[in-house]
>>> print(open('my_file.txt').read())   # compact mmCIF, C-alpha atoms
# COMPACT_ATOMS: atom_id res chain seq x y z
CA MET A 7 -8.70 18.74 32.44
CA ASN A 8 -11.52 19.16 29.97
CA LYS A 9 -9.46 21.44 27.76
CA ASP A 10 -6.64 18.89 27.82
CA THR A 11 -8.95 16.07 26.68
CA LEU A 12 -10.31 18.24 23.89
CA SER A 13 -6.84 19.17 22.64
CA ASN A 14 -5.84 15.47 22.69
CA ILE A 15 -8.88 14.47 20.65
CA THR A 16 -8.23 17.26 18.15
CA ARG A 17 -4.62 16.21 17.88
CA PHE A 18 -5.62 12.58 17.30
CA ILE A 19 -7.90 13.47 14.37
CA ALA A 20 -5.67 16.19 12.90
CA LEU A 21 -2.59 13.95 12.92
CA ILE A 22 -4.40 11.09 11.18
CA PHE A 23 -5.72 13.49 8.57
CA VAL A 24 -2.35 15.13 7.88
CA GLN A 25 -0.62 11.74 7.79
CA VAL A 26 -2.95 10.05 5.33
CA SER A 27 -3.66 13.00 3.07
CA ILE A 28 -0.21 14.58 2.79
CA LEU A 29 2.67 12.75 4.42
CA ASN A 30 1.90 9.28 3.04
CA HIS A 31 2.32 10.65 -0.48
CA ILE A 32 5.64 12.47 -0.15
CA ASN A 33 7.83 9.55 -1.32
CA PHE A 34 11.03 11.57 -0.94
CA LEU A 35 13.84 9.93 -3.00
CA GLY A 36 11.24 7.41 -4.16
CA PHE A 37 10.56 5.60 -0.90
CA LEU A 38 10.80 7.87 2.17
CA ASN A 39 7.73 8.99 4.08
CA PRO A 40 7.80 10.62 7.50
CA TYR A 41 5.45 9.07 10.06
CA ILE A 42 4.62 11.85 12.48
CA TYR A 43 1.21 10.63 13.72
CA ILE A 44 3.04 9.11 16.69
CA ILE A 45 3.25 12.66 18.09
CA PHE A 46 -0.08 11.74 19.70
CA ILE A 47 1.65 8.94 21.61
CA LEU A 48 4.62 11.17 22.43
CA LEU A 49 2.47 13.98 23.83
CA ALA A 50 -0.28 12.02 25.59
CA PRO A 51 -0.59 13.08 29.26
CA ILE A 52 1.82 11.32 31.64
CA ASN A 53 -0.95 10.35 34.06
CA ILE A 54 -3.32 8.92 31.42
CA ASN A 55 -5.01 5.59 32.20
CA ARG A 56 -2.65 3.00 30.71
CA SER A 57 -5.34 0.68 29.37
CA LEU A 58 -7.11 3.55 27.66
CA PHE A 59 -3.79 4.74 26.26
CA LEU A 60 -3.02 1.29 24.79
CA VAL A 61 -6.45 1.03 23.19
CA LEU A 62 -6.20 4.56 21.76
CA SER A 63 -2.76 3.84 20.30
CA PHE A 64 -4.11 0.66 18.76
CA ILE A 65 -7.00 2.53 17.13
CA LEU A 66 -4.60 5.23 15.91
CA GLY A 67 -2.37 2.65 14.25
CA LEU A 68 -5.26 0.66 12.83
CA THR A 69 -6.75 3.79 11.21
CA ILE A 70 -3.43 4.54 9.52
CA ASP A 71 -3.33 0.89 8.40
CA MET A 72 -6.81 1.15 6.97
CA PHE A 73 -5.86 4.17 4.88
CA GLY A 74 -2.54 2.71 3.83
CA ASP A 75 -3.70 -0.88 3.19
CA SER A 76 -0.87 -2.22 5.30
CA GLY A 77 -2.64 -4.89 7.35
CA GLY A 78 -1.76 -4.28 10.99
CA VAL A 79 1.82 -3.05 10.94
CA HIS A 80 1.16 0.47 12.22
CA ALA A 81 -1.16 -0.87 14.91
CA ALA A 82 1.54 -3.26 16.17
CA ALA A 83 4.24 -0.57 16.16
CA CYS A 84 1.95 1.89 17.97
CA VAL A 85 0.92 -0.60 20.66
CA ILE A 86 4.57 -1.47 21.29
CA ILE A 87 5.76 2.11 21.71
CA ALA A 88 2.70 2.95 23.81
CA PHE A 89 3.48 0.06 26.14
CA PHE A 90 7.16 0.94 26.45
CA ARG A 91 6.66 4.68 26.71
CA PRO A 92 7.07 4.70 30.54
CA VAL A 93 10.46 2.99 30.07
CA ALA A 94 11.56 5.65 27.58
CA LEU A 95 10.26 8.47 29.78
CA GLY A 96 11.94 7.01 32.85
CA SER A 97 15.30 6.61 31.17
CA VAL A 98 15.28 10.10 29.66
CA PHE A 99 13.72 12.23 32.38
CA GLY A 100 14.69 10.10 35.40
CA LEU A 101 13.50 11.50 38.71
CA SER A 102 11.14 14.16 37.43
CA TYR A 103 9.17 11.41 35.65
CA GLU A 104 8.95 9.38 38.86
CA PHE A 105 7.22 12.31 40.55
CA GLN A 106 5.02 12.86 37.49
CA THR A 107 6.09 16.48 37.21
CA VAL A 108 7.66 16.23 33.77
CA LYS A 109 6.10 18.34 31.05
CA LEU A 110 7.36 17.84 27.54
CA SER A 111 6.69 21.42 26.50
CA ASN A 112 9.08 22.86 29.09
CA ALA A 113 11.70 20.10 29.12
CA GLY A 114 15.16 20.86 27.80
CA LEU A 115 15.84 20.50 24.11
CA GLY A 116 18.38 17.70 24.62
CA GLU A 117 16.01 15.60 26.73
CA ARG A 118 13.15 16.10 24.30
CA PHE A 119 15.41 15.16 21.41
CA ALA A 120 16.54 11.95 23.14
CA TYR A 121 12.94 11.00 23.95
CA VAL A 122 11.80 11.56 20.35
CA ILE A 123 14.75 9.61 18.95
CA ILE A 124 14.11 6.58 21.18
CA MET A 125 10.40 6.47 20.40
CA VAL A 126 10.69 7.08 16.64
CA LEU A 127 13.49 4.54 16.19
CA THR A 128 11.57 1.85 18.08
CA HIS A 129 8.42 2.57 16.12
CA HIS A 130 10.15 2.53 12.75
CA ILE A 131 12.14 -0.64 13.31
CA VAL A 132 8.98 -2.56 14.32
CA LEU A 133 7.06 -0.96 11.46
CA PHE A 134 9.48 -1.82 8.69
CA SER A 135 10.31 -5.31 10.03
CA LEU A 136 6.62 -6.18 9.94
CA GLU A 137 5.94 -4.38 6.67
CA ILE A 138 8.70 -6.15 4.77
CA PHE A 139 8.36 -9.33 6.87
CA ASN A 140 11.29 -11.12 5.30
CA PHE A 141 14.67 -11.58 6.91
CA SER A 142 16.42 -11.95 3.59
CA HIS A 143 15.64 -8.24 3.08
CA ILE A 144 17.32 -7.22 6.36
CA ILE A 145 19.49 -4.61 4.63
CA LEU A 146 16.38 -3.02 3.11
CA ILE A 147 14.69 -2.99 6.54
CA LEU A 148 17.68 -1.27 8.15
CA LYS A 149 18.05 1.18 5.27
CA LYS A 150 14.39 2.16 5.37
CA THR A 151 14.41 2.40 9.17
CA LEU A 152 17.49 4.64 9.21
CA PHE A 153 16.48 7.09 6.51
CA SER A 154 12.79 7.26 7.43
CA SER A 155 13.72 7.76 11.10
CA ILE A 156 15.94 10.73 10.26
CA PHE A 157 13.14 12.22 8.18
CA SER A 158 10.49 11.56 10.85
CA ILE A 159 12.66 12.86 13.71
CA VAL A 160 13.38 16.13 11.90
CA ILE A 161 9.72 16.72 11.06
CA THR A 162 8.56 15.67 14.54
CA MET A 163 11.01 18.06 16.24
CA LEU A 164 9.89 20.86 13.92
CA VAL A 165 6.23 20.22 14.73
CA LEU A 166 6.96 20.04 18.46
CA VAL A 167 8.82 23.35 18.36
CA LEU A 168 6.31 25.13 16.11
CA PHE A 169 3.19 24.04 18.01
CA ARG A 170 4.74 24.43 21.44
CA LYS A 171 2.29 26.90 22.91
CA ASN A 172 -0.77 24.84 22.09
CA ASP A 173 0.42 21.97 24.27
CA SER A 174 0.52 23.78 27.59
CA MET B 13 -9.24 -18.93 41.77
CA GLN B 14 -8.64 -15.83 43.85
CA GLN B 15 -4.99 -15.96 42.87
CA ILE B 16 -5.78 -16.21 39.17
CA ILE B 17 -8.06 -13.18 39.36
CA ASN B 18 -5.43 -11.29 41.34
CA PHE B 19 -2.87 -12.19 38.74
CA LEU B 20 -5.15 -10.96 35.95
CA ILE B 21 -5.84 -7.67 37.74
CA ARG B 22 -2.18 -7.11 38.55
CA ASN B 23 -1.08 -7.71 34.97
CA LYS B 24 -4.07 -6.25 33.16
CA HIS B 25 -2.01 -3.68 31.25
CA PHE B 26 0.44 -6.29 30.08
CA LEU B 27 -2.33 -8.69 29.08
CA LEU B 28 -4.16 -5.96 27.21
CA PHE B 29 -0.90 -5.11 25.47
CA LEU B 30 -0.42 -8.74 24.44
CA LEU B 31 -4.00 -8.99 23.19
CA LEU B 32 -3.74 -5.85 21.04
CA LEU B 33 -0.32 -6.88 19.73
CA LEU B 34 -1.69 -10.30 18.83
CA ILE B 35 -4.63 -8.79 16.93
CA SER B 36 -2.35 -6.50 14.95
CA LEU B 37 0.06 -9.36 14.20
CA VAL B 38 -2.84 -11.46 12.89
CA PHE B 39 -3.82 -8.59 10.58
CA THR B 40 -0.20 -8.23 9.48
CA ILE B 41 0.23 -11.90 8.68
CA GLN B 42 -3.06 -11.94 6.78
CA SER B 43 -1.94 -8.95 4.76
CA HIS B 44 1.11 -10.91 3.62
CA SER B 45 -0.90 -13.76 2.18
CA TYR B 46 -2.82 -13.38 -1.05
CA HIS B 47 -6.59 -12.93 -0.88
CA LYS B 48 -6.82 -13.01 2.89
CA SER B 49 -6.37 -9.37 3.87
CA LYS B 50 -10.03 -8.48 3.89
CA PHE B 51 -10.55 -7.00 7.34
CA ILE B 52 -8.52 -3.84 7.16
CA SER B 53 -8.95 -2.45 3.69
CA SER B 54 -9.15 1.09 2.36
CA ALA B 55 -12.18 0.14 0.25
CA ASN B 56 -14.72 1.51 2.72
CA PHE B 57 -16.78 4.67 2.95
CA LEU B 58 -14.42 6.50 5.32
CA SER B 59 -11.04 6.13 3.65
CA GLY B 60 -12.61 5.95 0.20
CA GLY B 61 -14.47 9.17 0.90
CA VAL B 62 -11.38 10.96 2.20
CA TYR B 63 -9.29 9.81 -0.78
CA SER B 64 -11.88 10.78 -3.39
CA TRP B 65 -12.31 14.18 -1.73
CA GLN B 66 -8.56 14.64 -1.75
CA HIS B 67 -8.35 13.44 -5.32
CA SER B 68 -10.99 15.89 -6.48
CA ILE B 69 -8.47 18.61 -5.55
CA THR B 70 -5.22 17.10 -6.80
CA ASP B 71 -6.88 15.91 -10.01
CA TYR B 72 -6.39 19.29 -11.68
CA PHE B 73 -2.60 19.12 -11.52
CA GLY B 74 -2.42 16.16 -13.89
CA LEU B 75 -4.93 17.29 -16.51
CA ARG B 76 -2.38 18.35 -19.11
CA GLN B 77 -0.54 15.01 -19.00
CA GLU B 78 -3.82 13.14 -18.97
CA ASN B 79 -4.94 15.00 -22.10
CA ILE B 80 -1.75 14.14 -23.94
CA ARG B 81 -2.17 10.50 -22.96
CA LEU B 82 -5.73 10.40 -24.20
CA LEU B 83 -4.73 12.03 -27.49
CA GLU B 84 -2.00 9.44 -27.98
CA GLU B 85 -4.44 6.63 -27.28
CA ASN B 86 -6.97 8.14 -29.70
CA GLU B 87 -4.32 8.45 -32.36
CA ARG B 88 -3.36 4.81 -31.98
CA LEU B 89 -6.97 3.60 -31.98
CA HIS B 90 -7.75 5.69 -35.07
CA ASN B 91 -4.83 4.12 -36.88
CA GLN B 92 -6.00 0.62 -35.87
CA LEU B 93 -9.54 1.42 -36.95
CA LYS B 94 -8.38 2.53 -40.39
CA SER B 95 -6.43 -0.66 -40.94
CA ILE B 96 -9.40 -2.77 -39.81
CA GLN B 97 -11.81 -0.90 -42.09
CA ILE B 98 -9.60 -1.64 -45.09
CA ASP B 99 -9.63 -5.33 -44.12
CA SER B 100 -13.35 -5.56 -43.50
CA ALA B 101 -14.19 -4.27 -46.98
CA THR B 102 -13.24 -7.67 -48.29
CA THR B 103 -14.30 -9.89 -45.37
CA LYS B 104 -17.67 -10.94 -44.06
CA PHE B 105 -19.78 -8.77 -41.79
CA VAL B 106 -20.32 -10.14 -38.28
CA ASP B 107 -23.86 -10.01 -36.95
CA THR B 108 -23.48 -8.35 -33.56
CA THR B 109 -26.74 -9.73 -32.14
CA SER B 110 -25.41 -13.27 -32.22
CA PHE B 111 -21.80 -12.29 -31.56
CA LYS B 112 -21.06 -11.86 -27.87
CA THR B 113 -17.89 -9.92 -27.07
CA PRO B 114 -15.83 -11.91 -24.58
CA TYR B 115 -14.67 -8.87 -22.59
CA LYS B 116 -16.31 -5.73 -21.31
CA TYR B 117 -14.36 -2.62 -20.29
CA THR B 118 -15.39 -0.18 -17.56
CA LYS B 119 -13.56 3.08 -16.95
CA ALA B 120 -12.44 4.02 -13.44
CA ARG B 121 -10.29 6.60 -11.75
CA ILE B 122 -7.42 5.88 -9.38
CA ILE B 123 -7.87 7.74 -6.11
CA LYS B 124 -4.98 6.23 -4.17
CA ASN B 125 -1.77 4.80 -5.56
CA ASP B 126 1.20 3.34 -3.69
CA TYR B 127 4.49 2.31 -5.17
CA SER B 128 7.08 2.77 -2.43
CA LYS B 129 6.22 -0.21 -0.23
CA ILE B 130 6.75 -3.94 -0.72
CA ASP B 131 3.03 -4.70 -0.90
CA ASN B 132 1.34 -1.93 -2.81
CA TYR B 133 -2.38 -1.50 -3.30
CA ILE B 134 -4.37 0.87 -5.49
CA LEU B 135 -7.82 2.22 -4.73
CA ILE B 136 -10.26 2.99 -7.58
CA ASN B 137 -13.54 4.88 -7.43
CA LYS B 138 -15.80 2.17 -8.83
CA GLY B 139 -17.29 -0.67 -6.82
CA GLU B 140 -20.02 -3.28 -6.78
CA LYS B 141 -22.53 -0.60 -7.77
CA ASP B 142 -20.73 -0.33 -11.12
CA SER B 143 -20.37 -4.13 -11.32
CA ILE B 144 -16.72 -4.29 -10.42
CA PHE B 145 -16.01 -7.59 -8.67
CA PRO B 146 -12.92 -9.39 -7.35
CA ASP B 147 -10.58 -11.00 -9.91
CA MET B 148 -11.18 -8.45 -12.61
CA GLY B 149 -8.11 -7.12 -14.40
CA ILE B 150 -7.15 -3.45 -14.35
CA ILE B 151 -5.25 -1.91 -17.30
CA THR B 152 -4.40 1.46 -18.79
CA ASP B 153 -4.02 2.23 -22.47
CA LYS B 154 -0.34 1.26 -22.15
CA GLY B 155 -0.44 -1.92 -20.12
CA ILE B 156 -1.55 -3.83 -17.06
CA ILE B 157 -1.86 -2.35 -13.57
CA GLY B 158 -3.19 -5.10 -11.35
CA ILE B 159 -6.12 -7.26 -10.28
CA VAL B 160 -9.17 -6.27 -8.21
CA GLU B 161 -8.96 -7.95 -4.83
CA ASN B 162 -11.61 -6.49 -2.64
CA THR B 163 -14.71 -4.43 -3.37
CA SER B 164 -17.18 -2.32 -1.44
CA LYS B 165 -20.26 -0.55 -2.73
CA ASN B 166 -18.45 2.43 -4.24
CA TYR B 167 -14.75 1.56 -4.15
CA SER B 168 -12.45 -1.32 -5.03
CA ARG B 169 -8.99 -2.22 -3.88
CA VAL B 170 -6.58 -3.43 -6.53
CA ILE B 171 -3.45 -5.53 -5.96
CA SER B 172 -0.85 -3.60 -7.94
CA ILE B 173 1.67 -5.55 -10.01
CA LEU B 174 4.11 -3.90 -7.60
CA ASN B 175 3.06 -6.26 -4.80
CA SER B 176 5.15 -9.19 -3.63
CA ASN B 177 1.99 -11.36 -3.52
CA SER B 178 1.00 -10.63 -7.10
CA ARG B 179 1.41 -13.41 -9.68
CA ILE B 180 0.27 -12.77 -13.23
CA SER B 181 0.65 -15.13 -16.15
CA ALA B 182 2.64 -13.44 -18.91
CA GLY B 183 4.60 -14.46 -21.96
CA LEU B 184 6.61 -13.40 -24.97
CA LYS B 185 4.89 -11.60 -27.80
CA LYS B 186 6.72 -13.50 -30.52
CA SER B 187 6.31 -17.03 -29.16
CA ASN B 188 3.99 -18.95 -26.88
CA GLN B 189 6.31 -19.57 -23.96
CA PHE B 190 4.91 -18.20 -20.73
CA GLY B 191 5.94 -17.60 -17.14
CA SER B 192 4.72 -15.78 -14.10
CA LEU B 193 5.21 -12.12 -13.46
CA MET B 194 6.23 -10.99 -9.98
CA TRP B 195 8.01 -8.13 -8.26
CA ASN B 196 11.07 -8.24 -6.00
CA GLY B 197 10.25 -4.97 -4.24
CA LYS B 198 13.21 -2.96 -5.45
CA ASP B 199 12.52 -0.71 -8.43
CA PRO B 200 8.92 0.40 -9.18
CA ASN B 201 9.69 0.51 -12.92
CA ILE B 202 11.09 -3.00 -13.19
CA VAL B 203 9.28 -6.30 -12.61
CA GLN B 204 10.52 -9.88 -12.92
CA LEU B 205 9.32 -12.66 -15.20
CA GLU B 206 10.21 -16.16 -14.07
CA THR B 207 9.95 -19.74 -15.29
CA ILE B 208 10.42 -18.98 -18.98
CA PRO B 209 12.12 -22.21 -20.16
CA ARG B 210 15.65 -21.99 -21.55
CA GLN B 211 14.51 -23.18 -24.97
CA ALA B 212 12.88 -19.80 -25.49
CA ASN B 213 14.71 -17.56 -27.89
CA ILE B 214 14.82 -14.19 -26.16
CA LYS B 215 16.84 -11.03 -26.45
CA GLU B 216 16.87 -7.59 -24.88
CA GLY B 217 14.11 -5.34 -26.14
CA ASP B 218 11.57 -8.12 -26.68
CA THR B 219 8.00 -7.26 -25.76
CA ILE B 220 6.21 -9.09 -22.95
CA ILE B 221 2.41 -9.33 -23.05
CA THR B 222 -0.35 -11.06 -21.12
CA ASN B 223 -1.00 -14.47 -22.61
CA GLY B 224 -4.72 -14.99 -22.00
CA ARG B 225 -4.22 -18.22 -20.06
CA SER B 226 -6.29 -16.94 -17.16
CA THR B 227 -9.74 -15.44 -17.39
CA ILE B 228 -8.51 -12.17 -15.90
CA PHE B 229 -6.68 -10.55 -18.81
CA PRO B 230 -7.29 -11.12 -22.52
CA ARG B 231 -4.30 -12.05 -24.61
CA GLY B 232 -2.09 -9.29 -25.93
CA ILE B 233 -2.19 -6.56 -23.31
CA GLY B 234 1.22 -4.95 -23.05
CA ILE B 235 3.40 -5.28 -19.96
CA GLY B 236 6.90 -4.12 -20.84
CA THR B 237 10.16 -4.84 -22.60
CA ILE B 238 13.08 -7.06 -21.57
CA ILE B 239 16.04 -5.07 -20.31
CA HIS B 240 18.11 -7.86 -18.78
CA TYR B 241 18.01 -11.66 -18.61
CA GLU B 242 20.05 -14.54 -17.26
CA LEU B 243 19.66 -18.27 -16.63
CA ASN B 244 18.86 -19.29 -13.07
CA GLN B 245 21.19 -21.38 -10.92
CA ASN B 246 20.34 -24.79 -12.32
CA LYS B 247 20.30 -23.43 -15.90
CA SER B 248 16.76 -24.50 -16.70
CA TYR B 249 14.81 -21.25 -16.58
CA TYR B 250 15.44 -17.65 -17.48
CA GLN B 251 15.13 -14.86 -14.96
CA ILE B 252 14.08 -11.78 -16.84
CA ASP B 253 13.91 -8.13 -15.78
CA ILE B 254 11.17 -6.19 -17.52
CA LYS B 255 10.83 -2.44 -17.83
CA LEU B 256 7.14 -1.60 -17.56
CA PHE B 257 5.34 0.40 -20.25
CA ASN B 258 3.35 2.18 -17.52
CA ASP B 259 4.99 4.65 -15.20
CA MET B 260 3.42 3.21 -12.05
CA SER B 261 3.99 6.43 -10.12
CA ASN B 262 1.87 8.40 -12.57
CA ILE B 263 -1.42 6.76 -13.53
CA GLY B 264 -4.78 8.50 -13.55
CA PHE B 265 -7.53 6.70 -15.42
CA VAL B 266 -7.79 2.94 -15.85
CA TYR B 267 -10.11 0.34 -17.36
CA ALA B 268 -11.48 -2.67 -15.52
CA ILE B 269 -11.90 -5.76 -17.68
CA GLN B 270 -14.83 -8.05 -17.11
CA SER B 271 -14.60 -11.44 -18.77
CA ASN B 272 -18.04 -12.61 -19.90
CA ASP B 273 -16.83 -16.17 -20.28
CA ALA B 274 -15.16 -16.43 -16.86
CA THR B 275 -17.90 -18.44 -15.13
CA GLU B 276 -18.16 -20.85 -18.07
CA ILE B 277 -14.40 -21.39 -18.19
CA LYS B 278 -14.15 -21.81 -14.43
CA SER B 279 -16.96 -24.36 -14.33
CA LEU B 280 -15.07 -26.39 -16.95
CA GLU B 281 -11.83 -26.22 -14.99
CA LYS B 282 -13.39 -27.60 -11.81
>>> encode(input="my_file.txt", output="structure tokens")
Amino acid sequence: MNKDTLSNITRFIALIFVQVSILNHINFLGFLNPYIYIIFILLAPININRSLFLVLSFILGLTIDMFGDSGGVHAAACVIIAFFRPVALGSVFGLSYEFQTVKLSNAGLGERFAYVIIMVLTHHIVLFSLEIFNFSHIILILKKTLFSSIFSIVITMLVLVLFRKNDS
Amino acid sequence: MQQIINFLIRNKHFLLFLLLLLISLVFTIQSHSYHKSKFISSANFLSGGVYSWQHSITDYFGLRQENIRLLEENERLHNQLKSIQIDSATTKFVDTTSFKTPYKYTKARIIKNDYSKIDNYILINKGEKDSIFPDMGIITDKGIIGIVENTSKNYSRVISILNSNSRISAGLKKSNQFGSLMWNGKDPNIVQLETIPRQANIKEGDTIITNGRSTIFPRGIGIGTIIHYELNQNKSYYQIDIKLFNDMSNIGFVYAIQSNDATEIKSLEK
């Protein structure tokens, strides 16, 4: 239990640091940045206290906002995916989630992939809608969401595979 | 009463969710209106510290380009100085004790620069301690960068010209017509100049400069050149695309401009 908490705290800080110091400055093709700090939300323990989880997600997003000068867009996107995470888990893992026996590190690749896609897409569509905040730019919102999501999903899957042992 | 409390306890997660979402939406909406996004800003000791630490490492990669830029600026200033010295041989000497310069320049270094979003902000490593205050203009040797919006003790946040909230008064170099400079969020090298009246005689390649109508920038600081123009729908104003002199993705050192006459001018305008 204690070791789990410690690894979650480390992950929280390390992800913020990597995101703000490296990944926010990639600007691939001029405008694409992967947002992988949501790995914290993806990997948080299934049986975590929901209120605590919401508050932590909010702080995570707000810190990224502070570094990126983006108002509250990351905070809003994080709170939304944190609140709807049980829905995503339930629809992907089904019964094993109901019995709280699911463990992301030993789930099948297909299930993990589906879970990551759902969460990243939701996060990015909220993020870019709020960031651009103008419905006359709807094409730009969709374009940014699509390309950034692909980028984020690839990097997230790579990180999940590479750091697999540390999670268990 | 009991039922209300039961309801609150039953739905506490949902209510907490709504509360947090509401807070973040308030921050978001504030960040989309000019001069209101003060709560969540990178001009604080934590993010400023991280960025200046990070910048102290990445700084070395740009030194060669920075040197070339400084040499070019020196060359240009030397040439200007020579032409002024020739002039001043025949004109009167100005007594500097009674002659107050209207603008003061302070050097600063950019430690965070965005250009890929719709609302971009820049962080510089000078703050109130170095007498940088809101509404000061930020330029490089080539042209304008933005306006200081928000300061802390050691850092300041600058609204880049690549920000959909930014409005800067600008005009043509060869005539006195002026309009306001804004950005449509598409290309970080191209900004838009609007409300130039159709009487203006413009063509592609004309230079656009600041026009000194506000107290932020002195007249004559470069912005860019016209690459495309057309009349707007009701044929009264031009819509002009301007290619910036600065490459906004590659700026290192900047100058902050303090206007010594700003308070006097503002008190007159009240």
>>> residues_around(input="my_file.txt", residues="segment 142-149 of chain A", least_positions_apart="5", cutoff="10 Å", atoms="all atoms listed in the file", output="ChimeraX atom specification")
/A:130-137,154-155 /B:197-198
>>> closest_atom_pairs(input="my_file.txt", of="chain B", to="chain A", cutoff="7 Å", atoms="only C-alpha atoms", output="Markdown table")
| residue | atom | partner | partner_atom | distance |
| --- | --- | --- | --- | --- |
| B:His25 | CA | A:Ser57 | CA | 5.8 |
| B:Phe29 | CA | A:Leu60 | CA | 6.8 |
| B:Leu32 | CA | A:Phe64 | CA | 6.9 |
| B:Leu33 | CA | A:Ala82 | CA | 5.4 |
| B:Ser36 | CA | A:Gly78 | CA | 4.6 |
| B:Leu37 | CA | A:Gly78 | CA | 6.3 |
| B:Phe39 | CA | A:Gly78 | CA | 4.8 |
| B:Thr40 | CA | A:Gly78 | CA | 4.5 |
| B:Ser43 | CA | A:Gly77 | CA | 4.9 |
| B:Ser49 | CA | A:Gly77 | CA | 6.8 |
| B:Ile52 | CA | A:Met72 | CA | 5.3 |
| B:Ser53 | CA | A:Met72 | CA | 5.3 |
| B:Ser54 | CA | A:Phe73 | CA | 5.2 |
| B:Ser59 | CA | A:Phe73 | CA | 5.7 |
| B:Ser128 | CA | A:Phe37 | CA | 4.7 |
| B:Ile130 | CA | A:Ile138 | CA | 6.2 |
| B:Tyr133 | CA | A:Asp75 | CA | 6.7 |
>>> closest_residue(input="my_file.txt", among="B:Asn175, B:Thr222, B:Ser168, B:Asn56", to="Arg121 of chain B", atoms="only C-alpha atoms")
B:Ser168
>>> residues_around(input="my_file.txt", residues="segment 266-275 of chain B", least_positions_apart="3", cutoff="6 Å", atoms="all atoms listed in the file", output="list in words")
Pro114, Tyr115, Lys116, Tyr117, Thr118, Lys119, Ala120, Met148, Gly149, Ile150, Ile151, Thr152, Thr227 and Lys278 of chain B
>>> closest_atom_pairs(input="my_file.txt", of="segment 47-80 of chain B", to="segment 137-145 of chain B", cutoff="12 Å", atoms="only C-alpha atoms", output="JSON lines")
{"residue": "B:Ser54", "atom": "CA", "partner": "B:Asn137", "partner_atom": "CA", "distance": 11.4}
{"residue": "B:Ala55", "atom": "CA", "partner": "B:Gly139", "partner_atom": "CA", "distance": 8.8}
{"residue": "B:Asn56", "atom": "CA", "partner": "B:Gly139", "partner_atom": "CA", "distance": 10.1}
{"residue": "B:Phe57", "atom": "CA", "partner": "B:Asn137", "partner_atom": "CA", "distance": 10.9}
{"residue": "B:Ser59", "atom": "CA", "partner": "B:Asn137", "partner_atom": "CA", "distance": 11.4}
{"residue": "B:Gly60", "atom": "CA", "partner": "B:Asn137", "partner_atom": "CA", "distance": 7.8}
{"residue": "B:Gly61", "atom": "CA", "partner": "B:Asn137", "partner_atom": "CA", "distance": 9.4}
{"residue": "B:Val62", "atom": "CA", "partner": "B:Asn137", "partner_atom": "CA", "distance": 11.6}
{"residue": "B:Tyr63", "atom": "CA", "partner": "B:Asn137", "partner_atom": "CA", "distance": 9.3}
{"residue": "B:Ser64", "atom": "CA", "partner": "B:Asn137", "partner_atom": "CA", "distance": 7.3}
{"residue": "B:Trp65", "atom": "CA", "partner": "B:Asn137", "partner_atom": "CA", "distance": 11.0}
{"residue": "B:His67", "atom": "CA", "partner": "B:Asn137", "partner_atom": "CA", "distance": 10.2}
{"residue": "B:Ser68", "atom": "CA", "partner": "B:Asn137", "partner_atom": "CA", "distance": 11.3}
>>> atom_distance(input="my_file.txt", atom1="atom CA of Arg179 of chain B", atom2="atom CA of Ile221 of chain B")
14.0 Å
